[in-house]
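Q: File run-v5.cif follows (mmCIF, C-alpha atoms):
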data_coords
#
loop_
_atom_site.label_atom_id
_atom_site.label_comp_id
_atom_site.auth_asym_id
_atom_site.auth_seq_id
_atom_site.Cartn_x
_atom_site.Cartn_y
_atom_site.Cartn_z
CA MET A 1 101.05 150.12 117.90
CA PRO A 2 98.69 148.18 115.59
CA LEU A 3 100.43 144.80 115.89
CA GLU A 4 98.73 141.44 115.25
CA PHE A 5 99.84 137.82 115.34
CA LYS A 6 98.20 135.28 113.04
CA PRO A 7 99.10 131.60 112.77
CA ILE A 8 101.39 130.73 109.90
CA THR A 9 99.45 128.77 107.29
CA LYS A 10 100.22 127.52 103.81
CA ASP A 11 98.56 130.75 102.59
CA ASN A 12 101.02 133.11 104.30
CA LEU A 13 104.07 130.86 104.43
CA THR A 14 105.61 132.52 101.37
CA ASP A 15 105.76 135.86 103.20
CA ALA A 16 107.66 134.25 106.07
CA LEU A 17 109.88 132.42 103.60
CA ASP A 18 110.85 135.66 101.84
CA ILE A 19 111.83 137.24 105.16
CA TYR A 20 113.79 134.18 106.28
CA ASN A 21 115.63 133.75 102.99
CA TRP A 22 116.73 137.41 103.13
CA TYR A 23 118.58 136.49 106.34
CA VAL A 24 119.98 133.31 104.79
CA ILE A 25 121.50 135.21 101.87
CA ASN A 26 122.52 138.44 103.63
CA SER A 27 123.36 137.72 107.25
CA THR A 28 124.78 135.35 109.83
CA ALA A 29 121.53 135.34 111.84
CA THR A 30 120.87 131.85 110.48
CA PHE A 31 123.34 129.15 109.58
CA HIS A 32 121.54 128.05 106.43
CA LEU A 33 123.92 128.70 103.54
CA GLU A 34 121.38 128.59 100.71
CA ALA A 35 117.77 129.73 100.43
CA VAL A 36 115.37 127.21 101.98
CA SER A 37 112.25 125.77 100.39
CA LYS A 38 108.68 126.17 101.61
CA LYS A 39 108.77 122.54 102.74
CA GLU A 40 111.86 123.18 104.88
CA LEU A 41 110.32 126.28 106.47
CA GLU A 42 107.11 124.32 107.20
CA ARG A 43 109.25 121.81 109.11
CA MET A 44 111.17 124.54 110.96
CA VAL A 45 108.05 126.35 112.18
CA SER A 46 106.17 123.10 113.02
CA LEU A 47 103.30 124.24 110.81
CA GLY A 48 99.96 123.39 112.45
CA HIS A 49 101.47 121.91 115.63
CA SER A 50 99.18 122.19 118.67
CA ARG A 51 101.93 123.05 121.17
CA TYR A 52 104.80 124.53 119.15
CA LYS A 53 103.15 127.42 117.39
CA SER A 54 104.23 129.81 114.68
CA TYR A 55 102.88 133.22 113.68
CA VAL A 56 103.25 135.90 111.08
CA ILE A 57 103.59 139.37 112.60
CA LEU A 58 101.43 142.08 111.08
CA PHE A 59 102.10 145.78 111.52
CA ASP A 60 99.39 148.04 110.05
CA ASN A 61 97.90 144.90 108.42
CA GLU A 62 101.15 144.14 106.56
CA ILE A 63 103.31 141.11 107.33
CA CYS A 64 106.54 142.44 108.77
CA GLY A 65 107.97 139.28 110.31
CA PHE A 66 107.34 135.87 111.76
CA CYS A 67 108.02 134.10 115.02
CA TYR A 68 107.72 130.65 116.49
CA ILE A 69 108.17 128.39 119.47
CA SER A 70 109.87 125.08 118.69
CA GLN A 71 110.80 121.93 120.52
CA PHE A 72 114.07 122.41 122.41
CA ARG A 73 115.25 118.77 122.31
CA TYR A 74 113.63 115.54 121.17
CA LYS A 75 113.52 113.92 124.61
CA GLU A 76 110.43 114.09 126.84
CA ALA A 77 112.29 115.41 129.88
CA TYR A 78 112.85 118.67 127.99
CA ASP A 79 109.15 119.23 127.25
CA LYS A 80 108.93 122.06 129.81
CA SER A 81 111.39 124.03 127.65
CA ALA A 82 111.26 125.40 124.10
CA GLU A 83 113.31 127.45 121.69
CA ILE A 84 112.01 130.89 120.72
CA THR A 85 112.73 132.49 117.34
CA LEU A 86 111.75 135.69 115.55
CA TYR A 87 112.65 137.38 112.29
CA LEU A 88 111.59 140.85 111.14
CA ASN A 89 111.89 142.38 107.71
CA GLN A 90 114.51 145.12 107.50
CA GLN A 91 111.97 147.96 107.53
CA SER A 92 110.53 146.80 110.87
CA ILE A 93 113.66 146.69 113.00
CA GLY A 94 113.89 149.20 115.85
CA LYS A 95 110.15 149.88 116.16
CA GLY A 96 109.43 147.92 119.35
CA ILE A 97 108.01 144.96 117.44
CA GLY A 98 110.59 142.57 118.88
CA LYS A 99 109.64 143.38 122.48
CA THR A 100 105.92 142.97 121.79
CA THR A 101 106.62 139.72 119.95
CA LEU A 102 108.61 138.27 122.84
CA ASP A 103 105.82 139.21 125.28
CA PHE A 104 103.29 137.49 123.02
CA LEU A 105 105.38 134.32 122.60
CA GLU A 106 106.04 134.09 126.33
CA SER A 107 102.30 134.24 126.97
CA GLU A 108 101.66 131.55 124.35
CA ALA A 109 104.38 129.35 125.84
CA LYS A 110 102.90 129.64 129.35
CA GLU A 111 99.48 128.62 128.04
CA ASN A 112 101.07 125.48 126.61
CA GLY A 113 102.88 124.45 129.80
CA ILE A 114 106.31 125.68 128.76
CA ASP A 115 108.37 127.10 131.65
CA ASN A 116 111.69 127.86 129.97
CA LEU A 117 112.46 129.65 126.74
CA ILE A 118 115.83 129.48 125.01
CA ALA A 119 117.09 131.82 122.29
CA VAL A 120 120.05 130.71 120.18
CA ILE A 121 121.78 133.74 118.65
CA THR A 122 124.86 134.20 116.49
CA ASP A 123 127.39 136.07 118.60
CA GLY A 124 127.80 139.56 117.20
CA ASN A 125 124.07 139.93 116.48
CA THR A 126 123.97 142.80 118.94
CA ALA A 127 120.37 143.87 118.21
CA SER A 128 119.02 140.41 119.10
CA ILE A 129 121.22 140.05 122.16
CA VAL A 130 120.18 143.47 123.49
CA LEU A 131 116.49 142.68 122.82
CA PHE A 132 116.60 139.40 124.73
CA GLU A 133 118.63 140.86 127.61
CA LYS A 134 116.16 143.76 127.98
CA GLN A 135 113.35 141.19 128.17
CA GLY A 136 114.99 139.37 131.09
CA TYR A 137 116.83 136.58 129.27
CA PHE A 138 120.26 135.73 130.60
CA LYS A 139 123.26 134.22 128.86
CA VAL A 140 123.65 130.52 129.63
CA GLY A 141 126.03 129.31 126.94
CA HIS A 142 128.67 130.26 124.41
CA LEU A 143 129.80 127.86 121.69
CA LYS A 144 133.04 128.97 120.04
CA ASN A 145 133.67 128.64 116.29
CA ILE A 146 130.63 126.37 115.96
CA GLY A 147 129.80 127.26 112.35
CA VAL A 148 131.20 128.89 109.22
CA LYS A 149 129.36 131.34 107.00
CA PHE A 150 130.72 133.84 104.48
CA GLU A 151 134.13 132.26 105.16
CA ASN A 152 134.07 133.36 108.81
CA ALA A 153 134.03 131.12 111.86
CA LEU A 154 131.07 132.05 114.04
CA ASP A 155 130.18 131.67 117.71
CA VAL A 156 126.67 131.03 119.00
CA VAL A 157 125.32 132.23 122.34
CA SER A 158 122.30 130.87 124.18
CA TYR A 159 119.95 132.94 126.31
CA GLN A 160 117.30 131.57 128.66
CA LYS A 161 114.32 132.91 130.54
CA GLU A 162 112.20 131.07 133.08
CA ILE A 163 108.65 132.26 132.56
#
How does this structure look as structure tokens?
A:
Amino acid sequence: MPLEFKPITKDNLTDALDIYNWYVINSTATFHLEAVSKKELERMVSLGHSRYKSYVILFDNEICGFCYISQFRYKEAYDKSAEITLYLNQQSIGKGIGKTTLDFLESEAKENGIDNLIAVITDGNTASIVLFEKQGYFKVGHLKNIGVKFENALDVVSYQKEI
């Protein structure tokens, strides 16, 4: 599969923003209720950070998604852990891109001294849960009725992998 990962920059941020805002408007995969700005996405993906990195995902030289590793908590004792996130455009789901992306992010995390990765997923997002479970992540938490979107109370589950 011709898959590439390139750092997110100000030049390709709009592509990632379009993908993310599709999820904001059409799904419960994110708890944002309104489309986010470029500035907000820059903050979310820690644009240009030396340890917490973000990438656009290219399939056949076309951006099909983005992914990033972010700080898990803002206390130094947590620095061995990070949150892992990925979003694919709708045409790229089910093509094995998620698995390859997780492998890539795990490798990047190891290189940066990160030993634990945590995925935070809206319960009911079966495709994401299955992907993370197949990659060796295990459920470590379940928050009930933690958010509301589209007038529905939503649960969030956390998955962890020690790498």
Q: May I ask which of the residues A:Phe138, A:Val130, A:Leu105, A:Ile114 is the closest one to Ala77 (chain A), counting all atoms listed in the file?
A: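 Of A:Phe138, A:Val130, A:Leu105, A:Ile114, the one nearest Ala77 (chain A) is A:Ile114, counting all atoms listed in the file.
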Q: Since I can't run it myself right now, could you work out what the PyMOL selection byres ((chain A and resi 145) around 12) selects here and report it as a ChimeraX atom specification?
A: /A:122-123,142-144,146-149,151-157
Q: Using all atoms listed in the file, find each residue in region 34-116 of chain A having at least one atom no more than 12 Å away from region 6-15 of chain A; report its shortest atom-to-atom pair and that distance in Å (one decimal), rows by chain then rising number, as a Markdown table.
A:
| residue | atom | partner | partner_atom | distance |
| --- | --- | --- | --- | --- |
| A:Val36 | CA | A:Thr14 | CA | 11.1 |
| A:Ser37 | CA | A:Thr14 | CA | 9.5 |
| A:Lys38 | CA | A:Thr14 | CA | 7.1 |
| A:Lys39 | CA | A:Leu13 | CA | 9.7 |
| A:Glu40 | CA | A:Leu13 | CA | 10.9 |
| A:Leu41 | CA | A:Leu13 | CA | 8.0 |
| A:Glu42 | CA | A:Leu13 | CA | 7.7 |
| A:Arg43 | CA | A:Leu13 | CA | 11.4 |
| A:Met44 | CA | A:Leu13 | CA | 11.5 |
| A:Val45 | CA | A:Ile8 | CA | 8.3 |
| A:Ser46 | CA | A:Ile8 | CA | 9.5 |
| A:Leu47 | CA | A:Ile8 | CA | 6.8 |
| A:Gly48 | CA | A:Thr9 | CA | 7.5 |
| A:His49 | CA | A:Pro7 | CA | 10.4 |
| A:Ser50 | CA | A:Pro7 | CA | 11.1 |
| A:Tyr52 | CA | A:Pro7 | CA | 11.1 |
| A:Lys53 | CA | A:Pro7 | CA | 7.4 |
| A:Ser54 | CA | A:Ile8 | CA | 5.6 |
| A:Tyr55 | CA | A:Pro7 | CA | 4.2 |
| A:Val56 | CA | A:Lys6 | CA | 5.5 |
| A:Ile57 | CA | A:Lys6 | CA | 6.8 |
| A:Leu58 | CA | A:Lys6 | CA | 7.8 |
| A:Phe59 | CA | A:Lys6 | CA | 11.3 |
| A:Asn61 | CA | A:Lys6 | CA | 10.7 |
| A:Glu62 | CA | A:Asp15 | CA | 10.1 |
| A:Ile63 | CA | A:Asp15 | CA | 7.1 |
| A:Cys64 | CA | A:Asp15 | CA | 8.7 |
| A:Gly65 | CA | A:Asp15 | CA | 8.2 |
| A:Phe66 | CA | A:Ile8 | CA | 8.1 |
| A:Cys67 | CA | A:Ile8 | CA | 9.0 |
| A:Tyr68 | CA | A:Ile8 | CA | 9.1 |
| A:Ile69 | CA | A:Pro7 | CA | 11.7 |
| A:Tyr87 | CA | A:Asp15 | CA | 11.5 |
| A:Leu88 | CA | A:Asp15 | CA | 11.0 |
| A:Asn89 | CA | A:Asp15 | CA | 10.0 |
| A:Thr101 | CA | A:Lys6 | CA | 11.8 |
| A:Phe104 | CA | A:Lys6 | CA | 11.4 |
| A:Leu105 | CA | A:Pro7 | CA | 12.0 |
| A:Glu108 | CA | A:Pro7 | CA | 11.9 |
Q: CA of Ser92 (chain A) and CA of Ile118 (chain A) are how many Å apart?
A: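 Separation between CA of Ser92 (chain A) and CA of Ile118 (chain A): 23.0 Å.
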Q: From the options A:Thr126, A:Gln90, A:Ser81, A:Ser70, which residue's atoms come nearest to Asp18 (chain A), counting all atoms listed in the file?
A: A:Gln90
Q: Check the smallest atom-to-atom distance from each of A:Gly141, A:Gly136, A:Pro2, A:Gly94 to Ile121 (chain A) using only C-alpha atoms, then report the winner.
A: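 Counting only C-alpha atoms, the residue closest to Ile121 (chain A) is A:Gly141.
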Q: Find, counting all atoms listed in the file, the residue in A:Val140, A:Ile129, A:Ile93, A:Ala82 that gets nearest to Leu117 (chain A).
A: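 Checking each candidate against Leu117 (chain A), we get A:Ala82 as the closest.
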Q: Using all atoms listed in the file, pick whichever of A:Gln91, A:Thr100, A:Asn112, A:Asn125 has the shortest atom-to-atom distance to Ala29 (chain A).
A: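 Of A:Gln91, A:Thr100, A:Asn112, A:Asn125, the one nearest Ala29 (chain A) is A:Asn125, counting all atoms listed in the file.
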Q: Just the number, please: distance in Å from CA of Ser158 (chain A) to CA of Val120 (chain A), one decimal.
A: 4.6 Å
Q: Mind giving me the straight-line distance from CA of Arg73 (chain A) to CA of Ser27 (chain A) in Å, one decimal?
A: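 Spanning CA of Arg73 (chain A) to CA of Ser27 (chain A) is a straight-line distance of 25.5 Å.
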Q: Take the PyMOL selection byres ((chain A and resi 21) around 10), apply it to the structure above, and return the hits as a list in words.
A: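 Against this file, the PyMOL selection byres ((chain A and resi 21) around 10) returns the residues Ala16, Leu17, Asp18, Ile19, Tyr20, Trp22, Tyr23, Val24, Ile25, Asn26, Ser27, Thr30, His32, Leu33, Glu34, Ala35, Val36, Ser37 and Leu41 of chain A.
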Q: Taking C-alpha atoms for each residue, export the selection above as a PDB file, in the frame of the given file.
A:
ATOM      1  CA  ALA A  16     107.660 134.250 106.070  1.00  0.00           C
ATOM      2  CA  LEU A  17     109.880 132.420 103.600  1.00  0.00           C
ATOM      3  CA  ASP A  18     110.850 135.660 101.840  1.00  0.00           C
ATOM      4  CA  ILE A  19     111.830 137.240 105.160  1.00  0.00           C
ATOM      5  CA  TYR A  20     113.790 134.180 106.280  1.00  0.00           C
ATOM      6  CA  TRP A  22     116.730 137.410 103.130  1.00  0.00           C
ATOM      7  CA  TYR A  23     118.580 136.490 106.340  1.00  0.00           C
ATOM      8  CA  VAL A  24     119.980 133.310 104.790  1.00  0.00           C
ATOM      9  CA  ILE A  25     121.500 135.210 101.870  1.00  0.00           C
ATOM     10  CA  ASN A  26     122.520 138.440 103.630  1.00  0.00           C
ATOM     11  CA  SER A  27     123.360 137.720 107.250  1.00  0.00           C
ATOM     12  CA  THR A  30     120.870 131.850 110.480  1.00  0.00           C
ATOM     13  CA  HIS A  32     121.540 128.050 106.430  1.00  0.00           C
ATOM     14  CA  LEU A  33     123.920 128.700 103.540  1.00  0.00           C
ATOM     15  CA  GLU A  34     121.380 128.590 100.710  1.00  0.00           C
ATOM     16  CA  ALA A  35     117.770 129.730 100.430  1.00  0.00           C
ATOM     17  CA  VAL A  36     115.370 127.210 101.980  1.00  0.00           C
ATOM     18  CA  SER A  37     112.250 125.770 100.390  1.00  0.00           C
ATOM     19  CA  LEU A  41     110.320 126.280 106.470  1.00  0.00           C
TER      20      LEU A  41
END
Q: From the set A:Tyr78, A:Leu3, A:Asp103, A:Ile163, which residue has the shortest atom-to-atom contact distance to Asp60 (chain A), counting all atoms listed in the file?
A: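 Residue with the minimum atom-to-atom distance to Asp60 (chain A): A:Leu3.
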